[in-house]
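Scroll down for the structure; my scribbles are underneath it.
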2 protein chains.
Amino acid sequence: MDLAAGLASILGPKGWVPGADARPWSRDWLDRHGEAPLGVARPGTTDEVSRVMAACHAAGVGVVPQGGNTGLCSAAVAGRPGAVILSLSRMAGIAAPDLASGSVTVEAGVILANLHAALEGTEMVFPLHLGAEGSAQIGGLIGTNAGGSHAFRHGMMSDLVLGLEVVLPDGRVWNGMRAVQKDNAGYALRKLFCGAEGTLGVVTRAVLRLAPRPRAKATALLALPDMGAAVAFGSRLRADLGDVLTGMEFFSDLGLDLALRHVPGLAWPLGSRAGAYLLVEVASTSPLVPLDEMLSGTLEWGMAEGLVTDGALAANEAQRAAFWRLREEQPEGQRLEGVQLKHDISVPPGRIAEFVERGAGLCQRLLPGVRINPFGHLGDGNIHYNLSPPAGQADFAGLGPEIGLELARLADRMGGSFAAEHGLGRAKIALADALRRPVERGLMASLKRALDPAGGMNPGVILREDRQE
Amino acid sequence: MDLAAGLASILGPKGWVPGADARPWSRDWLDRHGEAPLGVARPGTTDEVSRVMAACHAAGVGVVPQGGNTGLCSAAVAGRPGAVILSLSRMAGIAAPDLASGSVTVEAGVILANLHAALEGTEMVFPLHLGAEGSAQIGGLIGTNAGGSHAFRHGMMSDLVLGLEVVLPDGRVWNGMRAVQKDNAGYALRKLFCGAEGTLGVVTRAVLRLAPRPRAKATALLALPDMGAAVAFGSRLRADLGDVLTGMEFFSDLGLDLALRHVPGLAWPLGSRAGAYLLVEVASTSPLVPLDEMLSGTLEWGMAEGLVTDGALAANEAQRAAFWRLREEQPEGQRLEGVQLKHDISVPPGRIAEFVERGAGLCQRLLPGVRINPFGHLGDGNIHYNLSPPAGQADFAGLGPEIGLELARLADRMGGSFAAEHGLGRAKIALADALRRPVERGLMASLKRALDPAGGMNPGVILREDRQE
């Protein structure tokens with residue numbers, strides 16, 4: 001029996017999509033990558049995942065785990081024709097949360113927004129938020145160690161995973177479904193699988209850590225002269241309001257322009273435009289905390305210092321949502337403008353403005369007039385440093401790889417990362433080859449060989465397939 | 001040239017302590033373990049560490065990294081005669097903190113309390129606190145992934161490490177000294193080395209994450225009927241005060257009794273005794289947060305519900321320190337009582353009372369009259385479930401291993417860990433052998449083989465030396 005027939009027999013008609021019908025799963029979200037797979041396996045249980053993995057392992061065929069397929073680095077589609085895509089979307093169970101312990105057990109295919117909804121009405125939340133939460137699945141979020149806008153306060157996915165169940169490349173199942181923060185009984189396997197992008201095994205279940213639900217929030221939208229002012233003001237916000245600060249998001253005037261021009265239903269609530277904008281949110285479990293007063297106090301200081309030139313506090317939920325939309329539609333505004341280059345950079349938060357300025361210098365040197373749209377997360381130094389071509393030009397004149405490499409080198413020299421929260425996938429392999437020092441590359445290759453000696457797990461992601469280390 | 005002469009020549013007279021003079025480094029803190037080493041290497045630079053490692057690797061001699069030697073699991077002393085102890089205590093530099101980014105770069109030999117002191121007068125703190133902070137060193141805290149009393153709020157060491165420099169078993173140096181939270185450029189090496197107890201390499205430097213300094217605190221000492229009430233009250237504290245809650249420490253009446261009896265200078269500030277006690281601390285960066293009012297409100301609820309029977313708010317810093325001492329002297333009170341059995345358990349926080357009760361049942365069944373002194377961290381479910389012999393008995397009648405195994409099995413069945421924050425070291429290898437499922441043991445053995453193929457790094461810690469997986 002050939003592999004496709006074997007998988008069809010393991011999974012039944014609901015669980016096996018032959019290659020000819022696999023188009024909906026075979027291309028990445030930006031439609032830039034994805035070879036035609038042998039088919040799509042859609043198991044309904046961990047046992048089925050295990051049998052699929054064992055069959056592919058025996059046949060020597062690569063397996064590509066796929067969650068909501070919202071990734072930006074092509075880690076969830078096939079790099080070569082003939083691989084099996086393993087979609088976890090049918091495994092979408094959410095157990096009753098353990099509110100007294102602050103944890104919940106979920107299957108890998110749970111969509112993030114559905115987990116948020118399942119916790120509504122309880123005193124706990126799952127504190128991870130990002131733009132793609134309506135589609136992104138827990139397994140993919142774990143695989144990419146997703147971050148988002150609350151990461152500086154509540155952590156990235158790796159900080160929120162208490163326990164994991166992982167099916168290994170040969171089909172064996174690692175049951176690490178403990179439900180405690182403190183577990184030092186050996187190597188940190190749960191941390192290693194977070195961010196491994198499905199190259200060491202496939203996550204099937206997880207125990208996630210919850211946080212107390214805020215009962216009050218205050219949200220401000222601010223205009224500031226430039227990113228230097230934003231960094232200085234952010235530093236003060238953290239010092240004054242650190243316990244309750246849950247969001248510090250920045251965007252640029254160019255980004256605002258693109259969003260207002262292309263995305264329907266957006267409106268600018270401030271009376272003026274400026275060099276940089278900040279969305280600040282504070283939240284508390286206790287209604288006794290005077291959030292408005294605290295936020296206003298720091299705002300007044302910022303205005304007196306000339307760091308903030310204009311601002312508004314959200315008066316109600318609708319206005320709060322409208323403020324957040326201005327930030328969250330930044331990628332969409334730029335996407336609708338046309339061709340773009342995306343860079344997912346992090347630097348030490350105090351050096352964000354320096355990166356933005358030095359980055360602009362090198363981009364303008366390489367491609368004069370290129371339009372730079374940096375936005376992101378002030379609290380953790382994560383800059384989505386995205387580019388549109390110079391006005392009137394259709395593309396980047398083939399300079400994309402060189403610009404990406406130079407920006408990555410700059411981030412690296414500044415103590416940062418060229419792959420902050422989106423992962424490496426296949427899309428950033430060339431950057432990794434250029435930037436990883438030999439010792440680091442060797443360590444990662446050793447880990448891959450140790451846990452996936454046959455090389456069948458998501459081949460070509462994180463490490464180049466053909467590379468002998 | 002033999003190895004000792006070679007190391008003496010690399011390190012000079014200040015850096016090499018021959019075996020005959022090595023006694024101060026050769027036994028663990030509880031003086032239970034430690035074979036005579038070949039000598040103690042005390043390098044002053046990463047380059048010297050690298051040369052020591054390369055020399056030991058070439059000679060096939062095991063290396064045991066040692067920090068402050070405050071560990072409780074014998075990971076920092078030699079399991080066999082003739083190993084080289086590698087003490088990092090001379091590498092104790094602290095760079096000027098990057099306050100705008102919230103990070104600081106330190107060498108591995110920095111004592112935790114010295115780091116706290118170095119940040120005094122700034123707006124940031126390093127938010128890790130534990131009893132041994134006057135001796136424990138950063139490298140050891142990273143190696144054991146230390147937790148402590150603030151971990152539920154600010155994370156364990158692994159959550160606080162942004163970047164690492166590690167000398168590998170063969171002397172190569174991995175420079176992972178990035179200074180950002182968001183770094184997904186490949187496998188989570190920094191997380192893997194945290195908690196590896198020096199078995200994969202030796203940490204020489206780190207970039208640590210800081211937190212905003214609290215400007216106000218409120219501390220309460222409470223008496224409660226039993227641990228069930230403590231868990232229920234803790235759940236409410238988290239829901240009401242989650243943003244500002246920084247400590248939730250519990251101890252027992254037996255523990256209080258031992259501490260008051262043996263430790264000079266302790267006094268009991270409440271008018272009554274009870275079944276369980278809680279030390280609750282809230283802290284805020286903002287003086288506008290009404291901490292006393294918030295804490296009192298939840299206390300009043302607890303008293304009305306019968307969950308809290310007595311309590312006091314610290315009126316000043318001296319009283320706050322006195323409250324904390326009552327909790328922190330729990331281990332010392334029991335140590336001075338005589339022989340003891342220590343267990344470092346974690347369970348899901350909502351199940352702490354259940355563990356304490358079921359644990360008591362199995363301990364009393366095995367050794368009637370045994371005195372049980374559970375204390376620890378309510379927020380993360382970490383129970384130091386320590387035992388003294390029955391009154392009038394000198395020891396545990398040889399039942400220590402059986403009691404330890406049964407408690408570990410109970411924690412495991414409840415979704416917890418038998419090695420919560422102290423690590424495994426050599427002391428818990430038998431427990432690990434009994435409790436680890438074969439897949440997990442195989443994964444850990446694969447990692448060890450991949451990163452330390454010659455097996456010279458801290459042999460016999462985490463994994464048994466002679467075990468072929």
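Ordered as shown in the structure tokens, chains take letters A, B, and onward, while each chain numbers its residues from 1 and ligands are numbered from 1 in the order shown.
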
Please build the interface table for range 242-278 of chain B against range 218-228 of chain B with a cut-off of 9 Å, listing for each qualifying residue the nearest atom pair and the distance in Å to one decimal; count only C-alpha atoms, order rows by chain and increasing number, and write it as JSON lines.
```
{"residue": "B:Gly247", "atom": "CA", "partner": "B:Thr219", "partner_atom": "CA", "distance": 8.7}
{"residue": "B:Phe250", "atom": "CA", "partner": "B:Met227", "partner_atom": "CA", "distance": 8.5}
{"residue": "B:Ser252", "atom": "CA", "partner": "B:Met227", "partner_atom": "CA", "distance": 8.6}
{"residue": "B:Pro269", "atom": "CA", "partner": "B:Leu221", "partner_atom": "CA", "distance": 8.6}
{"residue": "B:Leu270", "atom": "CA", "partner": "B:Ala223", "partner_atom": "CA", "distance": 8.1}
{"residue": "B:Ser272", "atom": "CA", "partner": "B:Ala223", "partner_atom": "CA", "distance": 7.8}
{"residue": "B:Arg273", "atom": "CA", "partner": "B:Ala223", "partner_atom": "CA", "distance": 6.9}
{"residue": "B:Ala274", "atom": "CA", "partner": "B:Ala223", "partner_atom": "CA", "distance": 5.7}
{"residue": "B:Gly275", "atom": "CA", "partner": "B:Asp226", "partner_atom": "CA", "distance": 4.6}
{"residue": "B:Ala276", "atom": "CA", "partner": "B:Asp226", "partner_atom": "CA", "distance": 5.0}
{"residue": "B:Tyr277", "atom": "CA", "partner": "B:Ala223", "partner_atom": "CA", "distance": 4.7}
{"residue": "B:Leu278", "atom": "CA", "partner": "B:Leu222", "partner_atom": "CA", "distance": 5.1}
```

Output the contact residues of chain A with respect to chain B at a cut-off of 6 Å, based on only C-alpha atoms, as an mmCIF file with N, CA and C atoms, in the first residue's frame.
```cif
data_model
loop_
_atom_site.group_PDB
_atom_site.id
_atom_site.type_symbol
_atom_site.label_atom_id
_atom_site.label_comp_id
_atom_site.auth_asym_id
_atom_site.auth_seq_id
_atom_site.Cartn_x
_atom_site.Cartn_y
_atom_site.Cartn_z
ATOM 1 N N ALA A 100 -9.205 27.772 39.822
ATOM 2 C CA ALA A 100 -8.503 27.890 41.099
ATOM 3 C C ALA A 100 -6.991 27.798 40.902
ATOM 4 N N SER A 101 -6.575 27.080 39.864
ATOM 5 C CA SER A 101 -5.140 26.948 39.594
ATOM 6 C C SER A 101 -4.663 27.918 38.520
ATOM 7 N N TRP A 174 5.256 12.160 23.455
ATOM 8 C CA TRP A 174 5.780 12.665 24.728
ATOM 9 C C TRP A 174 4.646 13.320 25.490
ATOM 10 N N ARG A 178 2.028 18.346 32.367
ATOM 11 C CA ARG A 178 1.966 18.833 33.734
ATOM 12 C C ARG A 178 1.323 20.222 33.728
ATOM 13 N N ALA A 179 0.845 20.639 34.875
ATOM 14 C CA ALA A 179 0.062 21.878 34.937
ATOM 15 C C ALA A 179 0.633 22.834 35.970
ATOM 16 N N VAL A 180 1.966 22.905 36.038
ATOM 17 C CA VAL A 180 2.603 23.765 37.032
ATOM 18 C C VAL A 180 3.675 24.641 36.389
ATOM 19 N N LYS A 182 6.337 25.776 38.146
ATOM 20 C CA LYS A 182 7.638 25.348 38.650
ATOM 21 C C LYS A 182 7.834 23.859 38.401
ATOM 22 N N ASP A 183 8.645 23.541 37.421
ATOM 23 C CA ASP A 183 8.949 22.140 37.112
ATOM 24 C C ASP A 183 10.370 22.079 36.578
ATOM 25 N N ASN A 184 11.286 21.706 37.443
ATOM 26 C CA ASN A 184 12.696 21.620 37.056
ATOM 27 C C ASN A 184 13.185 20.178 37.044
ATOM 28 N N ALA A 185 12.287 19.256 36.736
ATOM 29 C CA ALA A 185 12.672 17.841 36.752
ATOM 30 C C ALA A 185 13.351 17.448 35.442
ATOM 31 N N GLY A 186 14.513 18.030 35.199
ATOM 32 C CA GLY A 186 15.243 17.712 33.972
ATOM 33 C C GLY A 186 15.207 18.859 32.981
ATOM 34 N N TYR A 187 15.618 18.564 31.743
ATOM 35 C CA TYR A 187 15.722 19.620 30.735
ATOM 36 C C TYR A 187 14.359 20.222 30.406
ATOM 37 N N ALA A 188 14.390 21.490 29.997
ATOM 38 C CA ALA A 188 13.165 22.254 29.752
ATOM 39 C C ALA A 188 12.563 21.896 28.396
ATOM 40 N N LEU A 192 11.760 24.029 24.843
ATOM 41 C CA LEU A 192 12.455 23.741 23.589
ATOM 42 C C LEU A 192 11.472 23.571 22.423
ATOM 43 N N ALA A 196 10.014 25.915 18.058
ATOM 44 C CA ALA A 196 10.749 24.997 17.179
ATOM 45 C C ALA A 196 10.057 24.843 15.827
ATOM 46 N N PRO A 212 -5.433 36.763 35.855
ATOM 47 C CA PRO A 212 -6.689 37.320 36.382
ATOM 48 C C PRO A 212 -7.316 38.308 35.403
ATOM 49 N N SER A 235 9.473 54.830 28.744
ATOM 50 C CA SER A 235 10.298 54.523 29.899
ATOM 51 C C SER A 235 9.633 55.065 31.174
ATOM 52 N N ALA A 239 7.956 53.071 34.451
ATOM 53 C CA ALA A 239 8.357 53.367 35.833
ATOM 54 C C ALA A 239 7.155 53.761 36.690
ATOM 55 N N ASP A 240 6.215 54.525 36.100
ATOM 56 C CA ASP A 240 5.068 55.011 36.880
ATOM 57 C C ASP A 240 3.963 53.964 37.008
ATOM 58 N N LEU A 241 3.724 53.223 35.931
ATOM 59 C CA LEU A 241 2.495 52.422 35.838
ATOM 60 C C LEU A 241 2.785 50.951 35.555
ATOM 61 N N GLY A 242 4.011 50.532 35.836
ATOM 62 C CA GLY A 242 4.470 49.198 35.442
ATOM 63 C C GLY A 242 3.540 48.054 35.798
ATOM 64 N N ASP A 243 2.902 48.095 36.961
ATOM 65 C CA ASP A 243 2.055 46.965 37.375
ATOM 66 C C ASP A 243 0.824 46.824 36.502
ATOM 67 N N THR A 285 -7.230 44.462 37.848
ATOM 68 C CA THR A 285 -8.243 43.557 38.391
ATOM 69 C C THR A 285 -9.090 44.269 39.441
ATOM 70 N N SER A 286 -8.591 45.361 39.975
ATOM 71 C CA SER A 286 -9.308 46.030 41.061
ATOM 72 C C SER A 286 -9.892 47.349 40.597
ATOM 73 N N VAL A 289 -8.277 50.814 41.788
ATOM 74 C CA VAL A 289 -7.091 51.458 41.211
ATOM 75 C C VAL A 289 -7.534 52.607 40.306
ATOM 76 N N PRO A 348 16.888 46.177 22.014
ATOM 77 C CA PRO A 348 16.587 46.597 23.388
ATOM 78 C C PRO A 348 15.659 47.814 23.343
ATOM 79 N N PRO A 349 14.575 47.799 24.135
ATOM 80 C CA PRO A 349 13.548 48.840 24.007
ATOM 81 C C PRO A 349 14.083 50.262 24.044
ATOM 82 N N GLY A 350 15.113 50.521 24.827
ATOM 83 C CA GLY A 350 15.660 51.866 24.902
ATOM 84 C C GLY A 350 16.330 52.323 23.613
ATOM 85 N N GLY A 415 22.293 44.182 19.676
ATOM 86 C CA GLY A 415 21.852 43.277 20.736
ATOM 87 C C GLY A 415 20.448 42.751 20.548
ATOM 88 N N GLY A 416 19.947 42.837 19.309
ATOM 89 C CA GLY A 416 18.579 42.410 19.044
ATOM 90 C C GLY A 416 18.492 41.173 18.184
ATOM 91 N N SER A 417 17.324 40.989 17.581
ATOM 92 C CA SER A 417 17.066 39.785 16.801
ATOM 93 C C SER A 417 16.451 40.138 15.450
ATOM 94 N N ALA A 419 14.584 37.965 13.967
ATOM 95 C CA ALA A 419 13.365 37.144 13.915
ATOM 96 C C ALA A 419 12.738 37.207 15.297
ATOM 97 N N ALA A 420 11.954 38.255 15.542
ATOM 98 C CA ALA A 420 11.517 38.556 16.909
ATOM 99 C C ALA A 420 10.347 37.703 17.344
ATOM 100 N N GLU A 421 9.248 37.772 16.579
ATOM 101 C CA GLU A 421 8.069 37.036 17.034
ATOM 102 C C GLU A 421 7.396 36.255 15.925
ATOM 103 N N GLY A 423 9.082 34.089 13.880
ATOM 104 C CA GLY A 423 9.824 32.872 13.594
ATOM 105 C C GLY A 423 10.698 33.002 12.360
ATOM 106 N N LEU A 424 11.341 31.896 12.021
ATOM 107 C CA LEU A 424 12.249 31.841 10.871
ATOM 108 C C LEU A 424 11.579 31.241 9.651
ATOM 109 N N VAL A 439 29.181 28.501 16.022
ATOM 110 C CA VAL A 439 28.878 27.731 17.235
ATOM 111 C C VAL A 439 27.363 27.600 17.417
ATOM 112 N N SER A 446 22.815 20.236 16.010
ATOM 113 C CA SER A 446 22.915 19.080 16.901
ATOM 114 C C SER A 446 21.556 18.742 17.510
ATOM 115 N N ALA A 450 19.483 15.326 16.980
ATOM 116 C CA ALA A 450 19.185 14.497 18.147
ATOM 117 C C ALA A 450 17.706 14.133 18.210
ATOM 118 N N ILE A 462 13.811 26.500 9.851
ATOM 119 C CA ILE A 462 14.839 26.865 10.865
ATOM 120 C C ILE A 462 16.249 26.523 10.381
#
```

A:Met157, A:Ala312, A:Ala78, A:Leu30 ranked by distance to Gln340 in chain A, top pick (using only C-alpha atoms):
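Closest residue, counting only C-alpha atoms: A:Leu30.
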
Can you pull out every residue within 8 Å of Val202 in chain B, counting only C-alpha atoms, but drop anything in the same chain fewer than 4 positions away, and send it as a list in words?
Pro65, Val166, Val167, Leu168, Pro169 and Gly198 of chain B

Requested write-out: N, CA and C atoms of the selected residues, as a PDB file, in the first residue's frame:
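Below you can see selection.pdb, which holds the result:
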```
ATOM      1  N   PRO B  65      30.514  22.554  37.491  1.00  0.00           N
ATOM      2  CA  PRO B  65      30.404  23.995  37.740  1.00  0.00           C
ATOM      3  C   PRO B  65      29.818  24.261  39.121  1.00  0.00           C
ATOM      4  N   VAL B 166      27.697  30.920  27.102  1.00  0.00           N
ATOM      5  CA  VAL B 166      27.905  29.587  27.674  1.00  0.00           C
ATOM      6  C   VAL B 166      29.174  28.995  27.076  1.00  0.00           C
ATOM      7  N   VAL B 167      30.037  28.481  27.930  1.00  0.00           N
ATOM      8  CA  VAL B 167      31.181  27.721  27.427  1.00  0.00           C
ATOM      9  C   VAL B 167      30.756  26.263  27.332  1.00  0.00           C
ATOM     10  N   LEU B 168      30.940  25.708  26.145  1.00  0.00           N
ATOM     11  CA  LEU B 168      30.465  24.341  25.870  1.00  0.00           C
ATOM     12  C   LEU B 168      31.486  23.322  26.386  1.00  0.00           C
ATOM     13  N   PRO B 169      31.076  22.061  26.464  1.00  0.00           N
ATOM     14  CA  PRO B 169      31.945  21.044  27.077  1.00  0.00           C
ATOM     15  C   PRO B 169      33.335  20.944  26.466  1.00  0.00           C
ATOM     16  N   GLY B 198      24.251  22.784  34.611  1.00  0.00           N
ATOM     17  CA  GLY B 198      25.646  22.665  34.210  1.00  0.00           C
ATOM     18  C   GLY B 198      25.991  21.373  33.506  1.00  0.00           C
TER      19      GLY B 198
END
```

Taking the DSSP assignment computed from this structure's backbone, write out as number ranges by chain all residues of range 136-292 of chain B that belong to alpha helix (DSSP H).
B: 138-143, 151-154, 157-160, 189-193, 227-241, 253-262, 291-292

CA of Val110 in chain B and CA of Arg325 in chain B are how many Å apart?
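Separation between CA of Val110 in chain B and CA of Arg325 in chain B: 24.0 Å.
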
Residues within 12 Å of Pro24 in chain A, only C-alpha atoms, excluding chain neighbours under 2 positions, as a list in words
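In the requested form, the answer reads Val17, Pro18, Gly19, Ala20, Asp21, Ala22, Ser26, Arg27, Asp28, Trp29, Asp31, Gly34, Ala36, Pro37, Gly39, Val40, Gln66, Gly68, Asn69, Val77, Ile85 and Ser87 of chain A.
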
Using the selection just defined, write its residues with C-alpha atoms as a CSV table (one decimal), in the first residue's frame.
```
chain,number,residue,atom,x,y,z
A,17,VAL,CA,-7.5,15.3,1.7
A,18,PRO,CA,-5.7,14.0,-1.4
A,19,GLY,CA,-3.3,16.3,-3.2
A,20,ALA,CA,-5.7,17.2,-5.9
A,21,ASP,CA,-8.0,18.8,-3.4
A,22,ALA,CA,-5.3,20.2,-1.1
A,26,SER,CA,-1.1,24.3,0.3
A,27,ARG,CA,-0.2,28.1,0.0
A,28,ASP,CA,0.8,30.4,2.8
A,29,TRP,CA,-1.3,33.4,3.9
A,31,ASP,CA,0.5,33.4,-1.2
A,34,GLY,CA,3.9,26.4,-0.8
A,36,ALA,CA,1.9,20.9,-3.9
A,37,PRO,CA,1.6,18.3,-1.1
A,39,GLY,CA,-2.2,15.5,0.6
A,40,VAL,CA,-3.5,16.9,3.9
A,66,GLN,CA,-0.1,23.4,10.0
A,68,GLY,CA,-4.3,28.4,11.2
A,69,ASN,CA,-1.8,29.1,8.4
A,77,VAL,CA,3.5,25.0,3.9
A,85,ILE,CA,0.6,18.6,5.5
A,87,SER,CA,-3.5,20.1,9.8
```

Contacts of Asn386 in chain A at 9 Å or less, counting only C-alpha atoms, minus same-chain residues fewer than 3 places along, as a ChimeraX atom specification?
/A:331,334,340-344,371-375,383

Okay, now the selection with N, CA, C and O atoms, as an mmCIF file, in the first residue's frame?
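Final output, out-v8.cif:
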```cif
data_model
loop_
_atom_site.group_PDB
_atom_site.id
_atom_site.type_symbol
_atom_site.label_atom_id
_atom_site.label_comp_id
_atom_site.auth_asym_id
_atom_site.auth_seq_id
_atom_site.Cartn_x
_atom_site.Cartn_y
_atom_site.Cartn_z
ATOM 1 N N PRO A 331 -0.860 46.755 9.361
ATOM 2 C CA PRO A 331 -0.421 45.831 8.310
ATOM 3 C C PRO A 331 -1.374 45.827 7.123
ATOM 4 O O PRO A 331 -0.942 45.769 5.965
ATOM 5 N N GLN A 334 -0.957 48.831 4.767
ATOM 6 C CA GLN A 334 0.222 48.723 3.907
ATOM 7 C C GLN A 334 0.054 47.627 2.847
ATOM 8 O O GLN A 334 0.500 47.776 1.714
ATOM 9 N N GLN A 340 5.236 44.990 -0.714
ATOM 10 C CA GLN A 340 5.885 45.468 0.506
ATOM 11 C C GLN A 340 6.993 44.505 0.926
ATOM 12 O O GLN A 340 7.068 43.371 0.459
ATOM 13 N N LEU A 341 7.863 45.002 1.793
ATOM 14 C CA LEU A 341 8.878 44.155 2.439
ATOM 15 C C LEU A 341 8.629 44.197 3.937
ATOM 16 O O LEU A 341 8.567 45.283 4.524
ATOM 17 N N LYS A 342 8.496 43.013 4.559
ATOM 18 C CA LYS A 342 8.232 42.955 5.996
ATOM 19 C C LYS A 342 9.498 42.530 6.735
ATOM 20 O O LYS A 342 10.173 41.593 6.311
ATOM 21 N N HIS A 343 9.785 43.205 7.839
ATOM 22 C CA HIS A 343 10.914 42.819 8.688
ATOM 23 C C HIS A 343 10.458 42.793 10.131
ATOM 24 O O HIS A 343 9.873 43.761 10.610
ATOM 25 N N ASP A 344 10.736 41.698 10.811
ATOM 26 C CA ASP A 344 10.269 41.496 12.190
ATOM 27 C C ASP A 344 11.482 41.540 13.122
ATOM 28 O O ASP A 344 12.108 40.537 13.425
ATOM 29 N N ARG A 371 9.674 54.046 1.229
ATOM 30 C CA ARG A 371 8.775 54.531 2.289
ATOM 31 C C ARG A 371 8.786 53.547 3.461
ATOM 32 O O ARG A 371 8.462 52.374 3.285
ATOM 33 N N ILE A 372 9.155 54.038 4.616
ATOM 34 C CA ILE A 372 9.388 53.197 5.788
ATOM 35 C C ILE A 372 8.242 53.353 6.779
ATOM 36 O O ILE A 372 7.892 54.461 7.158
ATOM 37 N N ASN A 373 7.686 52.229 7.188
ATOM 38 C CA ASN A 373 6.515 52.213 8.062
ATOM 39 C C ASN A 373 6.796 51.345 9.290
ATOM 40 O O ASN A 373 6.372 50.198 9.354
ATOM 41 N N PRO A 374 7.498 51.884 10.281
ATOM 42 C CA PRO A 374 7.775 51.076 11.469
ATOM 43 C C PRO A 374 6.605 51.144 12.457
ATOM 44 O O PRO A 374 6.094 52.219 12.748
ATOM 45 N N PHE A 375 6.170 50.001 12.928
ATOM 46 C CA PHE A 375 5.153 49.977 13.988
ATOM 47 C C PHE A 375 5.438 48.762 14.864
ATOM 48 O O PHE A 375 6.192 47.875 14.461
ATOM 49 N N ILE A 383 9.967 45.762 16.535
ATOM 50 C CA ILE A 383 9.638 46.716 15.465
ATOM 51 C C ILE A 383 9.296 45.960 14.193
ATOM 52 O O ILE A 383 10.119 45.215 13.662
#
```

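For the residues A:Phe233, A:His150, A:Leu115, A:Leu128, ranking by smallest atom-to-atom distance to Gly306 in chain A using only C-alpha atoms places A:Phe233 first.
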
Pull the strand (DSSP E or B) assignments for range 202-381 of chain A out of DSSP run on the backbone, and list those residues as a PyMOL selection string.
chain A and resi 202-209+211-212+216-224+245-252+276-284+310-313+341+344-346+371-377

Hey, can you spit out that residue selection with C-alpha atoms as an mmCIF file, in the first residue's frame?
```
data_model
loop_
_atom_site.group_PDB
_atom_site.id
_atom_site.type_symbol
_atom_site.label_atom_id
_atom_site.label_comp_id
_atom_site.auth_asym_id
_atom_site.auth_seq_id
_atom_site.Cartn_x
_atom_site.Cartn_y
_atom_site.Cartn_z
ATOM 1 C CA VAL A 202 4.131 18.276 16.483
ATOM 2 C CA VAL A 203 2.281 19.753 19.445
ATOM 3 C CA THR A 204 -1.099 18.080 19.954
ATOM 4 C CA ARG A 205 -2.232 19.381 23.369
ATOM 5 C CA ALA A 206 -1.176 22.007 25.887
ATOM 6 C CA VAL A 207 -1.852 23.223 29.397
ATOM 7 C CA LEU A 208 -1.861 27.022 29.290
ATOM 8 C CA ARG A 209 -1.437 29.527 32.060
ATOM 9 C CA ALA A 211 -4.134 35.520 34.221
ATOM 10 C CA PRO A 212 -6.689 37.320 36.382
ATOM 11 C CA ALA A 216 -11.192 48.166 34.601
ATOM 12 C CA LYS A 217 -9.187 49.607 31.724
ATOM 13 C CA ALA A 218 -8.033 52.981 30.478
ATOM 14 C CA THR A 219 -6.746 53.591 26.962
ATOM 15 C CA ALA A 220 -5.030 56.623 25.510
ATOM 16 C CA LEU A 221 -4.049 57.535 21.971
ATOM 17 C CA LEU A 222 -1.131 59.945 21.861
ATOM 18 C CA ALA A 223 0.738 62.052 19.319
ATOM 19 C CA LEU A 224 4.458 62.569 19.901
ATOM 20 C CA LEU A 245 0.566 48.693 31.946
ATOM 21 C CA THR A 246 -0.733 46.150 29.408
ATOM 22 C CA GLY A 247 -0.200 47.863 26.047
ATOM 23 C CA MET A 248 2.358 50.282 24.581
ATOM 24 C CA GLU A 249 1.982 50.178 20.822
ATOM 25 C CA PHE A 250 3.602 52.583 18.399
ATOM 26 C CA PHE A 251 3.034 53.488 14.776
ATOM 27 C CA SER A 252 4.175 56.123 12.324
ATOM 28 C CA ALA A 276 4.880 59.177 16.026
ATOM 29 C CA TYR A 277 1.863 57.759 17.792
ATOM 30 C CA LEU A 278 1.420 55.663 20.894
ATOM 31 C CA LEU A 279 -1.511 53.557 22.013
ATOM 32 C CA VAL A 280 -1.258 53.103 25.778
ATOM 33 C CA GLU A 281 -3.478 50.761 27.762
ATOM 34 C CA VAL A 282 -3.590 50.171 31.495
ATOM 35 C CA ALA A 283 -5.797 47.569 33.126
ATOM 36 C CA SER A 284 -6.465 46.382 36.638
ATOM 37 C CA ASP A 310 -1.700 65.711 21.708
ATOM 38 C CA GLY A 311 -3.804 62.880 23.085
ATOM 39 C CA ALA A 312 -7.196 61.470 23.935
ATOM 40 C CA LEU A 313 -8.475 59.035 26.558
ATOM 41 C CA LEU A 341 8.878 44.155 2.439
ATOM 42 C CA ASP A 344 10.269 41.496 12.190
ATOM 43 C CA ILE A 345 13.042 43.069 14.245
ATOM 44 C CA SER A 346 13.662 43.437 17.951
ATOM 45 C CA ARG A 371 8.775 54.531 2.289
ATOM 46 C CA ILE A 372 9.388 53.197 5.788
ATOM 47 C CA ASN A 373 6.515 52.213 8.062
ATOM 48 C CA PRO A 374 7.775 51.076 11.469
ATOM 49 C CA PHE A 375 5.153 49.977 13.988
ATOM 50 C CA GLY A 376 5.086 47.561 16.884
ATOM 51 C CA HIS A 377 5.542 46.971 20.556
#
```

As number ranges by chain, please: the residues near Arg261 in chain B (cut-off 12 Å, only C-alpha atoms, same-chain neighbours under 5 positions excluded).
B: 254-256, 266-268, 326, 329-330, 332-337
